[in-house]
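Engineer: Please read through the structure below; I'll follow up with questions.
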Amino acid sequence: MSAISDPLPPPHTQINGGSEQEPLLGQRPPPPIHDNEAVGWSLAMNLITGSAFLAQIGGVVFVVAVWASNLSQPYMLFTAHPLLNSLGVALLLESTLLLQPTQTPKQKRKGAIMHSILNSTAFVLMYSAFVVMVVNKLHHGGKHFDSAHAILGLITYILILIQATVGMVQFYFPSLIGGEVKAKTIYKYHRMSGYAVFLFIIATAIAVTYTDYVVDVLKIRPWFVVVCSLFILAGVLPRVNINKLV
């Protein structure tokens, strides 16, 4: 049969196990996407997707302002108090944004682990700041709990300790409270109290702007902290899943 009368095979015809359009060594399969990588990527995106970018703006501006104003002054023991506290608050914000929109079981588990790591680091920073303040007061013979900031700060530290303890027991040691099923039944209370603690942190940050040192030396005004707080709340609150709180 002549070459003219012998029709060419269609593009999809298989020749030696592959289509005519494929390379000689066959079509390369796409690189595998591992579940852990996909979960990690989705968790990282939680920090910036949706309204999260508003919270990031408020948090970054607040931390930068605190660090810039304190480092512009002569260094002393007290300097570590606002620096450590602001970093701790920033990590608490990140851990909240990271965990809020998790959906699949793998996302929830990995998100919970990262949430606990970030929170644990934040607690170490914030309680270190508390120790610095106590030592500073003792060194200078200052009065304790003589301002709204000091009182709110103490309440907030206590609430954070309770919140951290309950969260760690729920996730890592559920047998201490009757098993995983019972632990899950109080998750919603842990979430609600977590948001309440955040409100106490914001109130404490606003109250510090009325202390003599901040007013006379650092000059961070209440309106500035309020604006940063509104950005943070505007980023966090729309992402709250009401169904998980009822």
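Every chain in the structure tokens takes a letter, A first, then B, and so on in the order presented; its residues are numbered from 1, and the ligands are numbered from 1 following the presented order.
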To test your reading of the structure, identify every residue in stretch 172-241 of chain A that backbone DSSP assigns to helix (DSSP H, G or I), and report it as a ChimeraX atom specification.

Structural biologist: /A:172,174-177,180-185,187-208,212-218,222-239

Engineer: Quick one: residues within 12 Å of A:Tyr189, only C-alpha atoms, excluding same-chain residues fewer than 6 positions away - as a count of residues only?

Structural biologist: 10

Engineer: Could you tell me how far atom CA of A:Phe198 sits from atom CA of A:Val63, in Å to one decimal place?

Structural biologist: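 So the two atoms, atom CA of A:Val63 and atom CA of A:Phe198, lie 15.7 Å apart.
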
Engineer: Calculated over only C-alpha atoms, which of the candidates A:Asp146, A:Val181, A:Ser86, A:Ser69 has the smallest distance to A:Asp216?

Structural biologist: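 For A:Asp216, the nearest of the candidates is A:Ser69.
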
Engineer: A:Ala44, A:His139, A:Tyr127, A:Ile160: which is nearest A:Gln107, counting only C-alpha atoms?

Structural biologist: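 Result for the nearest residue to A:Gln107: A:Ala44.
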
Engineer: Would you please work out which residue, of A:Phe224, A:Phe145, A:Phe53, A:Tyr172, is nearest to A:Met133 when using only C-alpha atoms?

Structural biologist: A:Phe145

Engineer: Could you check the closest approach to A:Phe78 for each of A:Ala234, A:Leu98, A:Ile206, A:Val134 and tell me which residue wins, using only C-alpha atoms?

Structural biologist: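 When distances to A:Phe78 are compared using only C-alpha atoms, the smallest one comes from A:Val134.
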
Engineer: So what do you get for atom CA of A:Gly194 versus atom CA of A:Phe231, distance-wise?

Structural biologist: 18.2 Å

Engineer: Closest to A:Ala129 among A:Ile151, A:His81, A:Ile162, A:Thr102, using only C-alpha atoms?

Structural biologist: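 Of A:Ile151, A:His81, A:Ile162, A:Thr102, the one nearest A:Ala129, counting only C-alpha atoms, is A:His81.
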
Engineer: One decimal, Å: what's the distance from atom CA of A:Ile201 over to atom CA of A:Ala52, could you say?

Structural biologist: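 Interatomic distance, atom CA of A:Ile201 to atom CA of A:Ala52: 18.5 Å.
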
Engineer: I'd like the neighbourhood of A:Ile242 as a ChimeraX atom specification, where a residue qualifies if any of its atoms comes within 10 Å (using only C-alpha atoms), though same-chain residues fewer than 5 positions away should be ignored.

Structural biologist: /A:188,192,237
